[in-house]
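This report refers to the structure that appears directly beneath it.
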Amino acid sequence: MDEHKCRLTYTFYMLTLFLCGALLFLIGFFPASYSVAEQEKTVPIDRPTTLHGEKLKPPPANYDSFILFLIDALREDFPRESTMPAVHERACLKLSLHVDIPTVTMPRLKSITTGTLSNFIDIALNVGHTEQVEDSLLHRLKQRKAVVSFAGDHTWVHLFPSEFTRQAANNDSFYVNDFNEGDRNVTSVLAQELEKNDWKLLILHYLGLDHIGHVEGNASPRIKTKLKEMDDAVKKILDHKNMANYLLMLTGDHGMADGGGHGGNTPAETTVPLYLYSKNCSKYAPSTKRYNQIDLTPTLALLLSIEIPTMSIGCIIPEMLQTLTLEQQMYAYFYNAHHLLNKARVKFGHENVRSSDYYHWYQNATLLHKQLLQPLRIGDGSGASKVHYQNAKLNYLRVAREISGQLSESLVKFDYGFIAVGLALTTASSLHLILSVLFLDVAAEQLHLHRLNVVQLLFSLVIGILLNVVAHLVDLVLTSSMLYGLLLLLPIIASVYLTIDVVQALLKIALPPLYSRRLKLSIPLPMPLLVCFAIRMSTLGSSSFIEFEYKTWYYLGSTLLLLTTLRTLRRRITKANVELDGRHLHKIASACVWQQRKIFVVLILLTLMRYLHRLSAIKSTLMIFSLFLYWARLRKFTDTTQTVFKGLAFLLVYCFRGLNGQVHFFEVPEYVAARCMLPVLVLFWCCLALVFVLGYRTALPQKKSGLSLLDEQPQSNLLKLLQTNMTCSLMLVALLYKVQNIVLLPTMLITLDETYKLCDAYGTTARKFSVRMVHVYKIIMTIFVARMFYFYQGNSNSLSTIDLNPGYIGQTSYNPIIVGLFVTLNTYSAEIHSFLYLIVHTLRTDLRSVGIIQLQPPYAKAADSLVIPLYAALVLLPVAIYLCLMLVFRYHLFIYSVFSPKVLYDCYTVLVFYLVFLSTSLYFKLFKHDA
């Protein structure tokens with residue numbers, strides 16, 4: 001097997017093992033559900049009917065009908081007198097609810113209906129709807145044969161497939177371009193349900209506000225229009241003749257970030273309003289208190305006169321019980337505390353509960369409650385009764401809040417077996433890969449690149465089986481499935497095998513006298529690069545640095561580029577000065593500075609890219625300039641015909657944005673613009689297809705005389721195909737990017753070009769010219785440039801900055817594959833295309849160097865033997881370190897709000913690189929590209 005093919009295969013194995021390890025880590029760190037524990041089934045379900053020998057009667061439902069009016073992404077500051085007058089003025093009670101993370105729809109619905117916290121991995125389940133709730137308010141209502149009607153987001157139907165008596169789910173709830181149609185359907189169902197009036201609970205889930213936020217942001221003028229529409233819908237309920245004894249609850253599942261998205265932990269995302277309406281609300285007092293979203297569950301259970309769901313850990317909201325009698329209110333507080341105390345007994349043990357403070361609070365409250373039963377039943381309103389009532393109420397609430405807090409903390413479950421195997425596999429594979437690249441000359445021999453060591457493999461098998469058995473015996477692995485146990489054996493064996501290799505390599509580096517051959521670095525590691533990477537690694541342990549990671553990359557990227565520029569400039573001046581014996585130093589310096597003028601322009605551009613959000617006033621001019629510059633930069637990758645079609649495609653991109661109203665365009669009636677958008681997109685796809693077909697036709701011509709150009713010039717054809725793929729992908733990204741972000745595309749290409757020229761100049765002015773050193777510089781600079789432009793685009797480590805709008809361009813319905821592909825391509829465009837640009841640049845350099853530079857023949861063509869493996873190693877290593885830090889910070893205050901989103905981003909970044917690596921390596925495998 002050729003060395004380059006072995007290298008690519010080896011890199012593929014390491015990437016695959018790393019992803020398997022990352023998946024195991026995520027499974028262990030983010031269990032799929034908190035509600036699977038068998039012990040929860042021992043929690044009593046029935047409502048208590050006695051208290052110290054006294055009979056208690058659960059209160060009946062205080063309202064004939066309940067309406068949950070849920071507006072997706074309703075921020076607390078949205079309902080105002082100017083935006084929603086009826087909602088604001090006619091509310092009986094206005095409260096605030098704190099929403100737990102993750103602030104996405106599916107886990108929020110689970111919290112509202114079950115009263116328990118959701119796991120962070122529910123973010124993934126939010127898209128696939130793979131989970132079904134086993135016990136909830138809806139299950140309890142169904143057991144009592146109550147009519148429950150629903151209209152809106154189809155996430156409810158996936159969570160509760162058989163609990164609704166009538167349902168009208170929006171089939172395209174994830175289609176974010178739908179601002180009105182889905183909501184109109186919900187309002188239509190509302191009108192029908194108001195006439196039927198046979199339901200106990202009506203759930204309405206409006207999505208238009210959330211969709212507007214995703215597409216146009218929280219400052220969109222459509223927001224006010226949508227809020228007015230919601231206000232009218234609420235007014236329709238309040239004024240309807242059939243609504244006599246009802247409770248209307250207006251709230252949101254989560255809030256909306258300032259950028260329009262959600263998923264993070266900012267106050268705008270984690271705080272939603274709760275407005276209550278009923279016919280007679282004179283007893284309600286104004287309140288500005290804030291409760292948890294999970295507190296809705298036990299409160300609604302009491303008002304509906306049903307059992308509290310088993311998994312509920314919420315507390316009663318006292319203000320919602322004002323219409324109940326004092327005896328009924330006291331029962332509600334008692335039932336809530338009794339339910340949570342039973343859960344605490346199951347979770348923490350009877351002895352631990354009996355010795356706790358809250359158990360004594362509970363005993364005191366029940367004694368006072370028993371003394372109050374007779375006075376409350378006869379209507380005794382004496383001062384002593386009021387004091388006893390307040391003391392009992394406060395003690396019950398104290399018990400409930402204390403236990404609720406402890407249960408919330410105890411819900412965090414880690415499967416340390418999966419975490420350990422995942423960390424071992426990710427750490428070993430990343431170290432194995434980086435060592436094999438750093439010690440390139442002897443890596444194949446020492447690290448077994450070409451073949452497996454049978455003895456070592458058998459030893460790893462024995463150790464792996466022992467570790468697997470011991471882990472299950474001591475319950476380090478939570479799963480008891482035989483199949484899962486056998487599947488876990490494979491990554492354990494791989495971890496042991498790779499760890500042995502890594503330990504041997506490290507010993508040969510640290511203790512060379514004990515070995516016949518010492519491992520020596522075959523790739524130079526310049527100090528500036530090591531310092532920048534050390535700074536980068538040191539920031540991973542700080543929550544503040546993770547929240548503001550973009551500032552780190554802005555600083556490190558620009559600093560590294562400037563430092564390399566100044567060092568190259570100094571070397572050039574010194575070399576020229578020596579040749580001229582020190583004469584005309586100022587002229588020499590001026591000439592050298594002028595030679596590097598473009599890199600200084602690039603540094604200025606990088607500074608300006610930080611302020612793209614302030615350029616919205618000149619978006620039209622900026623887009624025209626950006627597309628023209630982008631077209632000019634891509635000309636060198638294609639022939640004249642393809643260049644013409646690229647220019648036409650970019651013109652169509654501008655037309656599409658003009659028809660959308662995002663840039664200044666000639667006046668077109670709205671209905672005409674709506675009809676023209678689809679043909680414009682079809683023409684764009686035709687131009688893109690023509691560029692693709694013409695590019696492949698040039699690289700793969702018809703065979704002549706039994707031979708094809710594929711056989712005669714493999715590297716040239718490989719370059720043409722990769723250039724075509726990269727060009728088409730860059731054209732597509734121009735359609736997906738926000739208008740103000742399109743300027744990033746040509747700027748990134750210019751930055752990479754000038755950076756590579758600078759690296760070449762830096763290498764040629766070095767004392768000892770090394771092709772490997774130049775490649776190392778280019779690889780690391782490419783990674784830094786990619787990360788800089790990733791954050792220039794507006795991305796962050798918060799899930800709320802994910803831009804979903806590109807996934808729906810040209811789509812008329814929700815297709816998860818297309819949406820996922822487009823959103824990924826838009827979000828990770830800088831990462832993907834920087835890597836592809838580096839490969840294309842390396843191949844172009846190799847073609848120019850054939851027959852000219854023969855300094856180090858094995859590494860002159862380094863795209864597959866050095867560039868790809870080293871790039872992969874530098875992508876994996878920081879992620880492996882961060883996974884280890886995740887274990888250290890697992891009980892950190894910000895583990896789920898700051899650290900967890902970043903680990904999802906990092907693991908997905910590796911997955912994206914893995915897919916790009918596979919598609920690129922396939923071309924290397926198909927061509928006879930001799931390194």
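We name chains A, B, ... following the order of the structure tokens; residues begin at 1 in each chain, and ligands are numbered from 1 as shown.
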Select from segment 734-930 of chain A everything DSSP, run on the backbone, classes as alpha helix (DSSP H), then give the selection as a PyMOL selection string. chain A and resi 734-736+744-764+771-792+816-827+829-849+857-860+868-888+900-926
Exercise: Pro267 of chain A partners within 9 Å, only C-alpha atoms, chain neighbours under 4 positions left out, as an mmCIF file with N, CA and C atoms, in the first residue's frame:
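Printed below is selection-v8.cif as written:
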```
data_model
loop_
_atom_site.group_PDB
_atom_site.id
_atom_site.type_symbol
_atom_site.label_atom_id
_atom_site.label_comp_id
_atom_site.auth_asym_id
_atom_site.auth_seq_id
_atom_site.Cartn_x
_atom_site.Cartn_y
_atom_site.Cartn_z
ATOM 1 N N HIS A 98 -39.750 31.232 35.230
ATOM 2 C CA HIS A 98 -38.371 30.971 34.835
ATOM 3 C C HIS A 98 -38.322 29.656 34.064
ATOM 4 N N GLY A 255 -38.451 31.958 25.773
ATOM 5 C CA GLY A 255 -38.359 33.327 25.297
ATOM 6 C C GLY A 255 -37.663 33.427 23.954
ATOM 7 N N ALA A 257 -34.124 35.279 22.138
ATOM 8 C CA ALA A 257 -32.886 36.036 22.309
ATOM 9 C C ALA A 257 -32.936 37.319 21.493
ATOM 10 N N THR A 271 -37.030 33.703 30.544
ATOM 11 C CA THR A 271 -38.135 34.327 31.287
ATOM 12 C C THR A 271 -39.323 34.530 30.356
#
```
Report as a PyMOL selection string all protein, DNA and RNA residues lying within 7 Å of Leu461 of chain A, evaluated on only C-alpha atoms, omitting residues in the same chain fewer than 4 positions from it. chain A and resi 457+465+493
Selection export as a CSV table (one decimal), in the first residue's frame, atoms kept: N, CA and C atoms:
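Saved as selection00.csv:
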```
chain,number,residue,atom,x,y,z
A,457,LEU,N,-3.0,-6.9,20.2
A,457,LEU,CA,-4.4,-7.0,20.0
A,457,LEU,C,-5.0,-8.0,20.9
A,465,ILE,N,-12.1,-7.2,28.0
A,465,ILE,CA,-13.1,-8.1,28.6
A,465,ILE,C,-13.2,-8.0,30.1
A,493,ILE,N,-11.7,-2.2,23.8
A,493,ILE,CA,-10.5,-2.9,23.2
A,493,ILE,C,-9.7,-1.9,22.4
```
Give the strand (DSSP E) residues of segment 26-109 of chain A, as DSSP finds them on the backbone, and put them as a PyMOL selection string. chain A and resi 50-51+54-55+65-71+93-98
Just-selected residues, C-alpha atoms written as a PDB file, in the first residue's frame:
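Output contents, as saved in part_5.pdb:
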```pdb
ATOM      1  CA  THR A  50     -56.360  11.237  55.524  1.00  0.00           C
ATOM      2  CA  LEU A  51     -54.221  13.368  57.807  1.00  0.00           C
ATOM      3  CA  GLU A  54     -58.745  12.975  59.936  1.00  0.00           C
ATOM      4  CA  LYS A  55     -60.471  12.483  56.585  1.00  0.00           C
ATOM      5  CA  SER A  65     -62.879  24.605  31.294  1.00  0.00           C
ATOM      6  CA  PHE A  66     -59.186  25.415  31.016  1.00  0.00           C
ATOM      7  CA  ILE A  67     -57.348  26.974  28.086  1.00  0.00           C
ATOM      8  CA  LEU A  68     -53.570  26.863  27.729  1.00  0.00           C
ATOM      9  CA  PHE A  69     -52.775  29.614  25.225  1.00  0.00           C
ATOM     10  CA  LEU A  70     -49.131  28.980  24.332  1.00  0.00           C
ATOM     11  CA  ILE A  71     -47.278  31.472  22.137  1.00  0.00           C
ATOM     12  CA  LEU A  93     -52.988  38.151  37.337  1.00  0.00           C
ATOM     13  CA  LYS A  94     -49.563  38.730  35.805  1.00  0.00           C
ATOM     14  CA  LEU A  95     -46.717  36.437  36.822  1.00  0.00           C
ATOM     15  CA  SER A  96     -43.311  35.505  35.436  1.00  0.00           C
ATOM     16  CA  LEU A  97     -41.997  32.000  34.866  1.00  0.00           C
ATOM     17  CA  HIS A  98     -38.371  30.971  34.835  1.00  0.00           C
TER      18      HIS A  98
END
```
Got a sec: who's within 10 Å of Arg401 of chain A, counting only C-alpha atoms, leaving out chain neighbours fewer than 2 positions off, as a PyMOL selection string? chain A and resi 313-316+337+340+358+395-399+403-407
Skip segment 222-228 of chain A itself and residues of its chain fewer than 5 positions away, then list as a ChimeraX atom specification all residues within 8 Å of it, counting only C-alpha atoms. /A:78-79,83-84,208-209,212-213
Could you take the residues named above and write them with N, CA and C atoms, as an mmCIF file, in the first residue's frame?
```cif
data_model
loop_
_atom_site.group_PDB
_atom_site.id
_atom_site.type_symbol
_atom_site.label_atom_id
_atom_site.label_comp_id
_atom_site.auth_asym_id
_atom_site.auth_seq_id
_atom_site.Cartn_x
_atom_site.Cartn_y
_atom_site.Cartn_z
ATOM 1 N N PHE A 78 -42.784 41.301 25.686
ATOM 2 C CA PHE A 78 -43.602 41.463 24.482
ATOM 3 C C PHE A 78 -45.023 41.948 24.783
ATOM 4 N N PRO A 79 -45.720 41.337 25.760
ATOM 5 C CA PRO A 79 -47.087 41.820 26.029
ATOM 6 C C PRO A 79 -47.053 43.176 26.742
ATOM 7 N N THR A 83 -48.660 46.863 22.411
ATOM 8 C CA THR A 83 -48.582 45.726 21.489
ATOM 9 C C THR A 83 -49.754 44.757 21.646
ATOM 10 N N MET A 84 -50.182 44.507 22.888
ATOM 11 C CA MET A 84 -51.273 43.568 23.160
ATOM 12 C C MET A 84 -52.203 44.196 24.189
ATOM 13 N N GLY A 208 -46.112 31.314 14.903
ATOM 14 C CA GLY A 208 -45.699 32.383 13.998
ATOM 15 C C GLY A 208 -44.668 33.320 14.591
ATOM 16 N N LEU A 209 -44.821 33.663 15.868
ATOM 17 C CA LEU A 209 -43.881 34.585 16.509
ATOM 18 C C LEU A 209 -42.473 34.000 16.530
ATOM 19 N N ILE A 212 -40.943 34.150 12.977
ATOM 20 C CA ILE A 212 -40.503 35.500 12.619
ATOM 21 C C ILE A 212 -39.166 35.815 13.286
ATOM 22 N N GLY A 213 -39.038 35.419 14.546
ATOM 23 C CA GLY A 213 -37.782 35.651 15.253
ATOM 24 C C GLY A 213 -36.615 34.949 14.603
#
```
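For the atom pair formed by atom CA of Asn797 of chain A and atom CA of Pro528 of chain A, the distance is 26.3 Å, given to one decimal.
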